[in-house]
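Content type CSV, C-alpha atoms and all ligand atoms, from the file target.csv:
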```csv
chain,number,residue,atom,x,y,z
A,1,MET,CA,-5.9,-19.0,17.0
A,2,ALA,CA,-9.3,-17.5,17.6
A,3,LEU,CA,-10.0,-14.5,15.4
A,4,TRP,CA,-10.6,-12.2,18.3
A,5,THR,CA,-7.3,-13.0,20.0
A,6,LEU,CA,-5.1,-12.3,17.0
A,7,PRO,CA,-2.1,-10.0,17.9
A,8,ASP,CA,-3.1,-7.7,15.0
A,9,TRP,CA,-6.0,-6.1,17.0
A,10,ASP,CA,-5.1,-2.5,17.8
A,11,GLU,CA,-8.1,-0.7,19.4
A,12,HIS,CA,-10.0,-0.9,16.0
A,13,GLU,CA,-13.2,1.2,16.2
A,14,LYS,CA,-15.4,-1.4,14.4
A,15,VAL,CA,-14.9,-4.6,12.5
A,16,ASP,CA,-17.8,-6.0,10.5
A,17,VAL,CA,-17.9,-9.5,9.1
A,18,VAL,CA,-20.3,-9.4,6.2
A,19,HIS,CA,-22.0,-12.4,4.8
A,20,ASP,CA,-24.7,-12.2,2.1
A,21,ARG,CA,-26.4,-15.5,1.4
A,22,ASP,CA,-27.9,-14.6,-2.0
A,23,SER,CA,-24.8,-13.2,-3.7
A,24,GLY,CA,-22.3,-15.5,-1.8
A,25,LEU,CA,-20.3,-12.4,-0.6
A,26,THR,CA,-18.0,-12.9,2.4
A,27,ALA,CA,-16.1,-9.8,3.4
A,28,ILE,CA,-14.5,-8.1,6.4
A,29,ILE,CA,-14.7,-4.3,6.8
A,30,ALA,CA,-12.2,-3.1,9.4
A,31,LEU,CA,-12.4,0.5,10.6
A,32,HIS,CA,-9.2,1.3,12.5
A,33,SER,CA,-9.7,5.0,13.3
A,34,THR,CA,-11.9,7.9,12.3
A,35,HIS,CA,-10.0,10.4,14.5
A,36,LEU,CA,-8.8,12.4,11.5
A,37,GLY,CA,-11.7,11.8,9.2
A,38,PRO,CA,-13.6,8.9,7.5
A,39,GLY,CA,-11.6,5.7,7.5
A,40,ALA,CA,-10.3,5.5,3.9
A,41,GLY,CA,-8.6,2.4,2.4
A,42,GLY,CA,-9.1,0.1,-0.5
A,43,THR,CA,-10.8,-3.3,-0.8
A,44,ARG,CA,-8.6,-6.4,-1.4
A,45,PHE,CA,-10.2,-9.2,-3.4
A,46,TRP,CA,-8.2,-12.4,-2.5
A,47,HIS,CA,-8.6,-16.1,-1.9
A,48,TYR,CA,-7.6,-16.9,1.7
A,49,ALA,CA,-7.0,-20.5,2.7
A,50,GLU,CA,-8.1,-19.7,6.3
A,51,PRO,CA,-10.3,-17.0,7.8
A,52,GLU,CA,-7.4,-16.0,10.0
A,53,GLY,CA,-5.5,-14.7,6.9
A,54,ALA,CA,-8.4,-12.5,5.9
A,55,MET,CA,-8.8,-11.1,9.4
A,56,ARG,CA,-5.1,-10.5,9.8
A,57,ASP,CA,-5.0,-8.6,6.5
A,58,ALA,CA,-8.1,-6.5,7.3
A,59,LEU,CA,-6.7,-5.6,10.8
A,60,ARG,CA,-3.2,-4.9,9.7
A,61,LEU,CA,-4.0,-3.1,6.5
A,62,SER,CA,-6.7,-0.8,8.2
A,63,ARG,CA,-4.2,0.2,10.8
A,64,GLY,CA,-1.6,0.9,8.1
A,65,MET,CA,-4.2,3.2,6.4
A,66,SER,CA,-4.6,5.2,9.6
A,67,TYR,CA,-0.9,5.8,9.7
A,68,LYS,CA,-0.6,6.3,5.9
A,69,ASN,CA,-3.4,8.9,5.8
A,70,ALA,CA,-2.1,10.8,8.8
A,71,MET,CA,1.5,10.9,7.5
A,72,ALA,CA,0.2,12.1,4.1
A,73,GLY,CA,-1.5,15.0,5.8
A,74,LEU,CA,-5.0,13.9,4.6
A,75,PRO,CA,-8.1,14.6,6.7
A,76,MET,CA,-8.9,10.8,6.6
A,77,GLY,CA,-8.8,8.0,9.1
A,78,GLY,CA,-7.9,4.4,8.4
A,79,GLY,CA,-10.0,1.5,7.1
A,80,LYS,CA,-9.7,-1.4,4.8
A,81,ALA,CA,-11.9,-4.2,3.5
A,82,VAL,CA,-11.2,-7.7,2.2
A,83,VAL,CA,-13.5,-9.7,0.1
A,84,VAL,CA,-12.9,-13.4,0.4
A,85,LEU,CA,-12.9,-15.0,-3.0
A,86,ASP,CA,-13.2,-18.7,-3.8
A,87,LYS,CA,-10.3,-20.7,-5.3
A,88,ASP,CA,-11.3,-19.7,-8.8
A,89,GLY,CA,-11.4,-16.0,-7.8
A,90,THR,CA,-15.1,-15.7,-8.7
A,91,LYS,CA,-16.3,-12.1,-8.4
A,92,THR,CA,-19.9,-11.3,-9.5
A,93,ARG,CA,-21.9,-8.1,-9.9
A,94,ASP,CA,-24.2,-9.2,-7.2
A,95,MET,CA,-21.3,-9.6,-4.8
A,96,LEU,CA,-20.1,-6.1,-5.6
A,97,HIS,CA,-23.6,-4.8,-5.0
A,98,ALA,CA,-23.9,-6.6,-1.7
A,99,PHE,CA,-20.5,-5.2,-0.7
A,100,GLY,CA,-21.6,-1.7,-1.8
A,101,ASP,CA,-24.6,-2.1,0.5
A,102,ALA,CA,-22.4,-3.0,3.4
A,103,VAL,CA,-20.2,0.1,2.8
A,104,GLN,CA,-23.3,2.3,2.6
A,105,ALA,CA,-24.5,0.9,5.9
A,106,MET,CA,-21.4,2.3,7.6
A,107,ASP,CA,-22.8,5.7,6.8
A,108,GLY,CA,-19.6,7.4,5.5
A,109,ARG,CA,-17.4,6.2,8.3
A,110,TYR,CA,-15.6,3.9,5.8
A,111,VAL,CA,-14.6,5.0,2.2
A,112,THR,CA,-13.5,2.3,-0.2
A,113,ALA,CA,-11.3,2.2,-3.3
A,114,GLU,CA,-9.2,-0.3,-5.3
A,115,ASP,CA,-6.6,-2.6,-3.8
A,116,VAL,CA,-5.1,-5.9,-5.0
A,117,GLY,CA,-7.6,-7.7,-7.2
A,118,ALA,CA,-9.9,-4.7,-7.8
A,119,SER,CA,-10.4,-2.6,-10.9
A,120,GLU,CA,-11.9,0.8,-11.7
A,121,SER,CA,-14.9,-1.0,-13.2
A,122,ASP,CA,-15.4,-2.8,-9.9
A,123,MET,CA,-15.6,0.6,-8.1
A,124,VAL,CA,-18.1,1.8,-10.7
A,125,THR,CA,-20.3,-1.3,-9.8
A,126,ILE,CA,-19.9,-0.7,-6.1
A,127,ALA,CA,-20.8,3.0,-6.6
A,128,GLU,CA,-24.2,1.9,-7.9
A,129,ARG,CA,-25.0,1.1,-4.2
A,130,THR,CA,-22.9,3.6,-2.2
A,131,ASP,CA,-21.6,7.2,-2.3
A,132,HIS,CA,-18.6,6.2,-0.2
A,133,VAL,CA,-16.3,4.9,-2.9
A,134,CYS,CA,-13.4,6.5,-4.8
A,135,GLY,CA,-11.0,5.5,-7.5
A,136,LEU,CA,-13.8,6.1,-10.0
A,137,PRO,CA,-13.0,7.0,-13.6
A,138,ALA,CA,-11.8,10.7,-13.7
A,139,GLN,CA,-12.0,13.4,-16.3
A,140,GLU,CA,-8.7,14.4,-17.8
A,141,GLY,CA,-6.9,16.8,-15.4
A,142,ASP,CA,-9.0,15.8,-12.3
A,143,ALA,CA,-7.9,13.6,-9.4
A,144,GLY,CA,-9.3,10.1,-9.3
A,145,GLY,CA,-9.2,6.8,-11.3
A,146,ASP,CA,-6.8,4.0,-10.8
A,147,PRO,CA,-4.5,4.8,-7.9
A,148,GLY,CA,-1.7,2.6,-9.1
A,149,PRO,CA,0.2,5.1,-11.3
A,150,PHE,CA,0.1,7.7,-8.5
A,151,THR,CA,1.4,5.2,-6.0
A,152,ALA,CA,4.2,4.4,-8.5
A,153,MET,CA,5.0,8.1,-8.9
A,154,GLY,CA,5.4,8.5,-5.1
A,155,ILE,CA,7.6,5.5,-4.8
A,156,TYR,CA,9.8,6.7,-7.7
A,157,HIS,CA,10.3,10.0,-5.9
A,158,GLY,CA,10.9,8.1,-2.6
A,159,ILE,CA,13.6,5.8,-4.2
A,160,LYS,CA,15.4,8.8,-5.6
A,161,ALA,CA,15.3,10.4,-2.1
A,162,ALA,CA,16.7,7.2,-0.6
A,163,VAL,CA,19.5,7.0,-3.2
A,164,ALA,CA,20.4,10.7,-2.5
A,165,HIS,CA,20.3,10.1,1.2
A,166,LYS,CA,22.2,6.8,1.4
A,167,LEU,CA,24.4,6.7,-1.7
A,168,ASP,CA,24.9,10.5,-2.0
A,169,LYS,CA,23.8,10.3,-5.7
A,170,ASP,CA,21.6,12.8,-7.4
A,171,SER,CA,21.0,10.6,-10.5
A,172,MET,CA,19.6,7.2,-11.0
A,173,GLN,CA,21.9,6.5,-13.9
A,174,GLY,CA,23.4,3.1,-13.4
A,175,VAL,CA,21.8,2.6,-9.9
A,176,ARG,CA,20.9,-1.1,-9.6
A,177,VAL,CA,17.2,-1.6,-8.6
A,178,ALA,CA,15.7,-5.1,-8.0
A,179,ILE,CA,11.9,-5.0,-8.3
A,180,GLN,CA,9.6,-7.6,-6.9
A,181,GLY,CA,6.2,-7.6,-8.5
A,182,CYS,CA,5.5,-6.1,-12.0
A,183,GLY,CA,1.8,-5.2,-11.6
A,184,SER,CA,0.2,-1.8,-11.5
A,185,VAL,CA,2.7,-0.4,-8.9
A,186,GLY,CA,5.9,-2.3,-9.6
A,187,GLY,CA,5.5,-1.9,-13.4
A,188,GLY,CA,4.9,1.8,-13.0
A,189,VAL,CA,8.0,2.2,-10.8
A,190,ALA,CA,10.1,0.2,-13.3
A,191,ARG,CA,9.0,2.4,-16.3
A,192,LEU,CA,9.8,5.6,-14.4
A,193,LEU,CA,13.2,4.4,-13.2
A,194,ALA,CA,14.1,3.0,-16.7
A,195,LYS,CA,13.7,6.5,-18.2
A,196,ASP,CA,16.4,7.7,-15.7
A,197,GLY,CA,18.9,5.0,-16.7
A,198,ALA,CA,18.6,2.8,-13.6
A,199,ARG,CA,19.8,-0.8,-14.1
A,200,LEU,CA,16.7,-2.9,-13.4
A,201,THR,CA,16.2,-6.6,-12.4
A,202,LEU,CA,12.5,-7.6,-12.4
A,203,SER,CA,10.6,-10.5,-11.1
A,204,ASP,CA,7.0,-11.6,-10.8
A,205,ILE,CA,5.3,-15.0,-10.0
A,206,ASP,CA,3.7,-14.4,-13.4
A,207,GLU,CA,7.0,-15.0,-15.2
A,208,ALA,CA,5.7,-13.9,-18.6
A,209,ARG,CA,4.7,-10.6,-17.2
A,210,ALA,CA,8.2,-9.9,-15.8
A,211,GLN,CA,9.8,-11.1,-19.0
A,212,ALA,CA,7.6,-8.9,-21.2
A,213,LEU,CA,8.3,-5.8,-19.1
A,214,ALA,CA,12.1,-6.6,-19.1
A,215,GLU,CA,12.1,-6.8,-22.9
A,216,GLU,CA,10.1,-3.5,-23.1
A,217,LEU,CA,12.6,-1.7,-20.8
A,218,GLY,CA,15.9,-3.4,-21.7
A,219,ALA,CA,16.0,-4.9,-18.2
A,220,LYS,CA,16.8,-8.4,-16.8
A,221,ALA,CA,14.1,-10.7,-15.5
A,222,VAL,CA,14.9,-13.4,-12.8
A,223,HIS,CA,12.8,-16.1,-11.2
A,224,ALA,CA,10.6,-14.9,-8.3
A,225,ASP,CA,12.7,-16.9,-5.8
A,226,GLN,CA,15.9,-15.1,-6.8
A,227,ILE,CA,14.9,-11.5,-6.5
A,228,MET,CA,15.5,-11.0,-2.8
A,229,GLY,CA,19.1,-12.3,-3.1
A,230,THR,CA,19.9,-10.2,-6.2
A,231,PRO,CA,22.9,-7.9,-5.5
A,232,CYS,CA,21.6,-4.4,-6.0
A,233,ASP,CA,21.6,-0.9,-4.5
A,234,VAL,CA,17.8,-0.8,-4.0
A,235,PHE,CA,15.4,-3.7,-3.3
A,236,SER,CA,11.9,-2.5,-4.2
A,237,PRO,CA,9.1,-4.8,-2.9
A,238,ASN,CA,5.9,-4.2,-4.9
A,239,ALA,CA,4.0,-7.5,-4.6
A,240,LEU,CA,2.4,-8.7,-1.3
A,241,GLY,CA,3.4,-8.1,2.3
A,242,ALA,CA,5.5,-9.7,4.9
A,243,VAL,CA,8.5,-10.4,2.6
A,244,LEU,CA,10.9,-8.8,5.2
A,245,ASP,CA,11.0,-11.7,7.6
A,246,ASP,CA,14.0,-13.4,9.2
A,247,ALA,CA,14.8,-15.4,6.0
A,248,GLY,CA,14.0,-12.6,3.6
A,249,ILE,CA,16.2,-10.0,5.4
A,250,ALA,CA,19.1,-12.6,5.6
A,251,ARG,CA,19.1,-12.9,1.8
A,252,LEU,CA,19.1,-9.2,1.0
A,253,ASP,CA,22.2,-7.9,-0.7
A,254,CYS,CA,21.2,-4.2,-1.0
A,255,ARG,CA,21.7,-0.8,0.8
A,256,ILE,CA,18.1,0.4,0.5
A,257,VAL,CA,14.6,-1.1,0.8
A,258,ALA,CA,12.0,1.1,-0.8
A,259,GLY,CA,8.9,-0.1,-2.4
A,260,GLY,CA,5.1,0.0,-2.5
A,261,ALA,CA,3.8,-3.3,-1.0
A,262,ASN,CA,1.8,-2.8,2.1
A,263,ASN,CA,3.0,-4.4,5.4
A,264,GLN,CA,6.4,-5.3,4.1
A,265,LEU,CA,7.8,-6.0,7.6
A,266,ALA,CA,6.5,-9.4,8.8
A,267,ARG,CA,6.8,-8.0,12.4
A,268,PRO,CA,7.9,-4.6,13.7
A,269,GLU,CA,11.2,-6.1,14.9
A,270,HIS,CA,12.2,-6.8,11.3
A,271,GLY,CA,12.7,-3.0,11.0
A,272,ARG,CA,15.2,-3.3,13.7
A,273,GLN,CA,17.0,-6.0,11.8
A,274,LEU,CA,17.3,-3.8,8.7
A,275,HIS,CA,18.5,-0.9,10.8
A,276,ALA,CA,21.2,-3.2,12.5
A,277,ARG,CA,22.4,-4.2,9.0
A,278,GLY,CA,22.7,-0.6,7.9
A,279,ILE,CA,20.0,-1.0,5.3
A,280,LEU,CA,18.0,2.2,4.8
A,281,TYR,CA,14.3,1.4,5.0
A,282,ALA,CA,11.5,3.6,3.6
A,283,PRO,CA,8.5,2.9,5.7
A,284,ASP,CA,5.9,1.4,3.4
A,285,TYR,CA,2.9,3.5,4.4
A,286,VAL,CA,4.9,6.7,3.9
A,287,ILE,CA,6.4,6.0,0.5
A,288,ASN,CA,3.3,4.3,-1.0
A,289,ALA,CA,0.8,7.1,-0.2
A,290,GLY,CA,0.5,8.5,-3.8
A,291,GLY,CA,-2.6,6.4,-4.7
A,292,ILE,CA,-4.6,7.3,-1.5
A,293,ILE,CA,-3.7,11.0,-2.0
A,294,ASN,CA,-5.2,10.8,-5.5
A,295,VAL,CA,-8.4,9.1,-4.6
A,296,SER,CA,-8.9,10.9,-1.3
A,297,LEU,CA,-8.8,14.2,-3.1
A,298,GLU,CA,-11.3,12.8,-5.6
A,299,TYR,CA,-13.7,11.9,-2.7
A,300,LEU,CA,-13.2,15.1,-0.8
A,301,CYS,CA,-13.8,17.2,-3.9
A,302,ARG,CA,-17.1,15.4,-4.5
A,303,ARG,CA,-18.1,15.6,-0.8
A,304,ASP,CA,-17.2,19.2,-0.1
A,305,GLY,CA,-15.3,20.9,-3.0
A,306,THR,CA,-11.7,20.4,-1.8
A,307,PRO,CA,-9.4,21.3,-4.7
A,308,CYS,CA,-8.9,18.1,-6.7
A,309,ASP,CA,-7.1,18.8,-9.9
A,310,ILE,CA,-4.2,16.7,-10.9
A,311,ASN,CA,-1.6,19.4,-10.1
A,312,GLU,CA,-2.8,19.4,-6.5
A,313,VAL,CA,-2.3,15.6,-6.4
A,314,ARG,CA,1.2,15.9,-7.9
A,315,LYS,CA,2.1,18.7,-5.4
A,316,ARG,CA,1.1,16.5,-2.5
A,317,ILE,CA,2.9,13.4,-3.9
A,318,ALA,CA,6.1,15.5,-4.3
A,319,GLN,CA,6.1,16.0,-0.5
A,320,ILE,CA,6.7,12.3,0.1
A,321,PRO,CA,10.6,12.6,-0.2
A,322,GLY,CA,10.6,15.4,2.4
A,323,ARG,CA,8.7,13.2,4.9
A,324,LEU,CA,11.1,10.3,4.3
A,325,ASP,CA,14.1,12.5,4.8
A,326,ALA,CA,12.7,13.8,8.2
A,327,ILE,CA,12.2,10.1,9.3
A,328,TRP,CA,15.6,9.0,8.2
A,329,GLU,CA,17.3,12.0,9.9
A,330,GLN,CA,15.5,11.4,13.2
A,331,SER,CA,16.3,7.6,12.9
A,332,GLU,CA,20.0,8.3,12.5
A,333,ALA,CA,20.1,11.0,15.2
A,334,SER,CA,18.3,8.7,17.7
A,335,ASP,CA,19.6,5.3,16.5
A,336,VAL,CA,15.9,4.2,16.3
A,337,PRO,CA,14.8,2.2,13.3
A,338,SER,CA,12.9,4.2,10.7
A,339,ASN,CA,9.7,2.1,11.0
A,340,GLU,CA,9.6,3.0,14.7
A,341,VAL,CA,10.2,6.7,14.1
A,342,ALA,CA,7.4,6.7,11.5
A,343,ASP,CA,5.0,4.8,13.8
A,344,ALA,CA,5.6,7.3,16.6
A,345,MET,CA,5.0,10.3,14.2
A,346,ALA,CA,1.8,8.8,12.9
A,347,GLN,CA,0.5,7.9,16.4
A,348,GLU,CA,1.1,11.5,17.5
A,349,LEU,CA,-0.8,12.9,14.5
A,350,ILE,CA,-3.7,10.5,15.1
A,351,GLY,CA,-3.7,11.3,18.8
A,352,ARG,CA,-3.9,15.0,18.0
A,353,GLY,CA,-7.1,14.3,16.1
A,354,ARG,CA,-8.8,12.6,19.1
B,1,LIG,P1,-1.2,-5.9,-8.8
B,1,LIG,O1,-2.1,-7.0,-8.5
B,1,LIG,O2,-1.4,-5.0,-10.0
B,1,LIG,O3,0.3,-6.4,-8.9
B,1,LIG,C1,0.9,-7.3,-8.0
B,1,LIG,C2,1.9,-8.1,-8.8
B,1,LIG,O4,2.7,-8.9,-7.9
B,1,LIG,C3,1.2,-9.2,-9.7
B,1,LIG,O5,1.8,-9.1,-11.0
B,1,LIG,C4,1.6,-10.5,-9.1
B,1,LIG,O6,1.7,-11.6,-10.0
B,1,LIG,C5,2.9,-10.2,-8.4
B,1,LIG,N1,3.3,-11.1,-7.3
B,1,LIG,C6,2.5,-11.6,-6.3
B,1,LIG,N2,3.3,-12.3,-5.4
B,1,LIG,C7,4.5,-12.2,-5.9
B,1,LIG,C8,5.8,-12.7,-5.4
B,1,LIG,N3,5.9,-13.5,-4.3
B,1,LIG,N4,6.9,-12.4,-6.1
B,1,LIG,C9,6.8,-11.6,-7.2
B,1,LIG,N5,5.7,-11.1,-7.7
B,1,LIG,C10,4.5,-11.4,-7.1
B,1,LIG,O7,-1.1,-5.0,-7.4
B,1,LIG,P2,-0.6,-3.6,-7.2
B,1,LIG,O8,-1.7,-2.6,-7.3
B,1,LIG,O9,0.6,-3.3,-8.1
B,1,LIG,O10,-0.1,-3.6,-5.7
B,1,LIG,C11,1.1,-4.1,-5.3
B,1,LIG,C12,1.4,-3.9,-3.8
B,1,LIG,O11,1.3,-2.5,-3.6
B,1,LIG,C13,0.3,-4.5,-2.9
B,1,LIG,O12,1.0,-4.9,-1.7
B,1,LIG,C14,-0.6,-3.4,-2.6
B,1,LIG,O13,-1.3,-3.5,-1.4
B,1,LIG,C15,0.4,-2.2,-2.6
B,1,LIG,N6,-0.2,-0.9,-2.8
B,1,LIG,C16,-0.9,-0.7,-4.0
B,1,LIG,C17,-1.4,0.6,-4.2
B,1,LIG,C18,-2.1,0.9,-5.5
B,1,LIG,O14,-2.4,2.1,-5.7
B,1,LIG,N7,-2.4,0.0,-6.4
B,1,LIG,C19,-1.3,1.6,-3.2
B,1,LIG,C20,-0.6,1.3,-2.0
B,1,LIG,C21,-0.1,0.1,-1.9
```
Let me see whether you can do it: turn the structure in this file into structure tokens.
Ligand code: NAD
Amino acid sequence: MALWTLPDWDEHEKVDVVHDRDSGLTAIIALHSTHLGPGAGGTRFWHYAEPEGAMRDALRLSRGMSYKNAMAGLPMGGGKAVVVLDKDGTKTRDMLHAFGDAVQAMDGRYVTAEDVGASESDMVTIAERTDHVCGLPAQEGDAGGDPGPFTAMGIYHGIKAAVAHKLDKDSMQGVRVAIQGCGSVGGGVARLLAKDGARLTLSDIDEARAQALAEELGAKAVHADQIMGTPCDVFSPNALGAVLDDAGIARLDCRIVAGGANNQLARPEHGRQLHARGILYAPDYVINAGGIINVSLEYLCRRDGTPCDINEVRKRIAQIPGRLDAIWEQSEASDVPSNEVADAMAQELIGRGR
């Protein structure tokens, strides 16, 4: 399919394909909306077999960021970048500099940060060429730094809210949670839930990683192919997107889906399938906003002095469960799937900023 006819286009304001011959950088910067503020969203460093995969990710993830930032009450629009890596995952300082130049050329309309495949030190290198980057190392007590632990904190609160809402339990003691992906986000969620006595089953395509975390937390590790069929109360997807497709949903044996991966639903109608099966779904861009709350406050503090201490970040992350409850209540009252309720709320907020 031609890149400009993909179904993932959604009135994006601007999409740049960046190629820098000298460094070998190939990247896409997708700006979905700046109606509420600069389009903020991280950069994914990934090897894509086909250009279509990279463009799809950039288009879908940038739209998701518009919705995420609106629902988190941030004065930010939505954008996202992907840097296309070769098979060996080569990422050089020159490539990061060329990428920083491309971000700077957008003149503050796009603000970048970490996503899959990126580290704090990558952001430091990018910051040598542009001011419009966050997720930079932070002083103790300030917002900023790796967004992963803050994303995990928001998901932890969101899972507890889902368990209270669906299972009528105010404790995680003995609640069975199956976690897909044990990286920055999934690992953080697992550690927080383990402290509360949840019964965890972990998986990662990096089996040694899942096994090591399982040993640390007294949890069970299963093969990556088995996690979606694991009988549990909560399935928590924290790896890559589109795991909730026809086959994935058919395998689920859970009452709740609540996790941090972006774009969990392969298509919007998969939210309808979850709803029809009576599975409570926490819309991904609502529950996983903790990281962008942290780095956006870091950026806004640097730009115009918005309060940015860690307590402000925690206060805003603690509002995630209330947003989820409002979505679930409306979903149940109207018999409309939670993803559609959330989309309508986000679209209204973005529309008000026009
Ligand atoms: P990460 O790279 O630290 O971890 C991802 C983990 O998932 C890796 O250990 C990887 O081996 C594993 N994995 C990949 N495919 C898998 C599969 N099919 N089954 C099981 N494990 C698999 O990335 P992260 O920062 O933890 O991000 C995880 C997800 O959360 C991504 O979808 C990301 O877009 C989303 N997210 C991250 C943040 C953040 O602050 N880091 C914020 C919002 C959303």
| So, counting all atoms listed in the file, which residue among A:Val116, A:Ala221, A:Leu59, A:Ala190 is closest to Asp206 (chain A)? |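 The closest residue to Asp206 (chain A) is A:Ala221.
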| query | Residues at most 8 Å from region 348-350 of chain A, counting only C-alpha atoms, excluding those fewer than 4 positions away in the same chain, as JSON, numbers by chain? | reply | {"A": [35, 36, 66, 67, 70, 71, 344, 354]}
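In this comparison, which uses only C-alpha atoms and all ligand atoms, the residue of A:Asp122, A:Asp246, A:Glu207, A:Asp168 approaching ligand LIG 1 (chain B) most closely is A:Glu207.
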| CA of Ser184 (chain A) to atom O8 of ligand LIG 1 (chain B), straight-line distance in Å | 4.7 Å
What are the nearest atom pairs, with distances in Å to one decimal, for all residues of chain A that come at most 6 Å from ligand LIG 1 (chain B), using only C-alpha atoms and all ligand atoms, set out by chain and rising residue number as a Markdown table?
```
| residue | atom | partner | partner_atom | distance |
| --- | --- | --- | --- | --- |
| A:Asp115 | CA | B:LIG1 | N7 | 5.6 |
| A:Val116 | CA | B:LIG1 | O1 | 4.7 |
| A:Gly117 | CA | B:LIG1 | O1 | 5.7 |
| A:Pro147 | CA | B:LIG1 | O14 | 4.1 |
| A:Gly148 | CA | B:LIG1 | O14 | 3.5 |
| A:Thr151 | CA | B:LIG1 | O14 | 4.9 |
| A:Gln180 | CA | B:LIG1 | C9 | 4.9 |
| A:Gly181 | CA | B:LIG1 | N5 | 3.6 |
| A:Cys182 | CA | B:LIG1 | O5 | 4.9 |
| A:Gly183 | CA | B:LIG1 | O3 | 3.3 |
| A:Ser184 | CA | B:LIG1 | O9 | 3.7 |
| A:Val185 | CA | B:LIG1 | O9 | 3.7 |
| A:Gly186 | CA | B:LIG1 | O9 | 5.6 |
| A:Ser203 | CA | B:LIG1 | C9 | 5.6 |
| A:Asp204 | CA | B:LIG1 | N5 | 3.4 |
| A:Ile205 | CA | B:LIG1 | N5 | 4.5 |
| A:Asp206 | CA | B:LIG1 | O6 | 4.8 |
| A:Ala224 | CA | B:LIG1 | N4 | 5.0 |
| A:Asn238 | CA | B:LIG1 | C12 | 4.6 |
| A:Ala239 | CA | B:LIG1 | O4 | 3.8 |
| A:Leu240 | CA | B:LIG1 | O12 | 4.1 |
| A:Gly241 | CA | B:LIG1 | O12 | 5.7 |
| A:Gly260 | CA | B:LIG1 | O11 | 4.7 |
| A:Ala261 | CA | B:LIG1 | O12 | 3.3 |
| A:Asn262 | CA | B:LIG1 | O12 | 4.4 |
| A:Asn288 | CA | B:LIG1 | C20 | 5.0 |
| A:Gly291 | CA | B:LIG1 | O14 | 4.4 |
```
Non-local contacts of Arg314 (chain A) (10 Å; all atoms listed in the file; under 3 positions in same chain excluded) as a PDB file with C-alpha atoms, keeping the file's coordinate frame:
```pdb
ATOM      1  CA  ALA A 143      -7.900  13.600  -9.400  1.00  0.00           C
ATOM      2  CA  PHE A 150       0.100   7.700  -8.500  1.00  0.00           C
ATOM      3  CA  MET A 153       5.000   8.100  -8.900  1.00  0.00           C
ATOM      4  CA  GLY A 154       5.400   8.500  -5.100  1.00  0.00           C
ATOM      5  CA  GLY A 290       0.500   8.500  -3.800  1.00  0.00           C
ATOM      6  CA  ILE A 293      -3.700  11.000  -2.000  1.00  0.00           C
ATOM      7  CA  ASN A 294      -5.200  10.800  -5.500  1.00  0.00           C
ATOM      8  CA  ASP A 309      -7.100  18.800  -9.900  1.00  0.00           C
ATOM      9  CA  ILE A 310      -4.200  16.700 -10.900  1.00  0.00           C
ATOM     10  CA  ASN A 311      -1.600  19.400 -10.100  1.00  0.00           C
ATOM     11  CA  ILE A 317       2.900  13.400  -3.900  1.00  0.00           C
ATOM     12  CA  ALA A 318       6.100  15.500  -4.300  1.00  0.00           C
ATOM     13  CA  GLN A 319       6.100  16.000  -0.500  1.00  0.00           C
TER      14      GLN A 319
END
```
| request: For each of A:Glu269, A:Asp16, A:Glu329, A:Glu216, take the minimum atom-to-atom distance to Gly79 (chain A), counting all atoms listed in the file, then give the residue where this is smallest. | output: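 Smallest distance to Gly79 (chain A) is found for A:Asp16.
In this structure, CA of Pro231 (chain A) sits 20.0 Å away from CA of Gly271 (chain A).
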| Out of A:Gln211, A:Thr130, A:Ser23, A:Ser236, which residue has the shortest atom-to-atom distance to Asp107 (chain A) when counting all atoms listed in the file? | A:Thr130
| Of the candidates A:Gly42, A:Gly89, A:Gln173, A:Ala27, which one gets nearest to Met123 (chain A) if we count all atoms listed in the file? |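 Closest residue, counting all atoms listed in the file: A:Gly42.
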| remark: CA of Leu61 (chain A) to CA of Asn263 (chain A) measures 7.2 Å
| task | Write out as a ChimeraX atom specification the residues lying within 7 Å of His12 (chain A), counting only C-alpha atoms and excluding same-chain residues fewer than 5 positions away. | result | /A:31-33
| field | Selected residue of minimal separation from Arg60 (chain A) among A:Asp10, A:Glu312, A:Glu332, A:Asp20, counting only C-alpha atoms | value | A:Asp10
| said: Applying 9 Å and all atoms listed in the file, which residues near Phe99 (chain A) remain after dropping the ones on its own chain fewer than 6 positions away? List them as a PyMOL selection string. | reply: chain A and resi 18+20+25-27+83+126+129
| Shell of 7 Å around region 322-328 of chain A, all atoms listed in the file, local chain residues under 2 positions omitted, as a VMD selection string | chain A and resid 282 319 to 320 330 to 332 338 341 to 342
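Here the selection is built from only C-alpha atoms, and the residues within 9 Å of (-20.6, -2.0, 0.6) turn out to be A:Ile29, A:Leu96, A:His97, A:Ala98, A:Phe99, A:Gly100, A:Asp101, A:Ala102, A:Val103, A:Gln104, A:Ala105, A:Met106, A:Thr112, A:Ile126, A:Ala127, A:Arg129, A:Thr130, A:His132, A:Val133.
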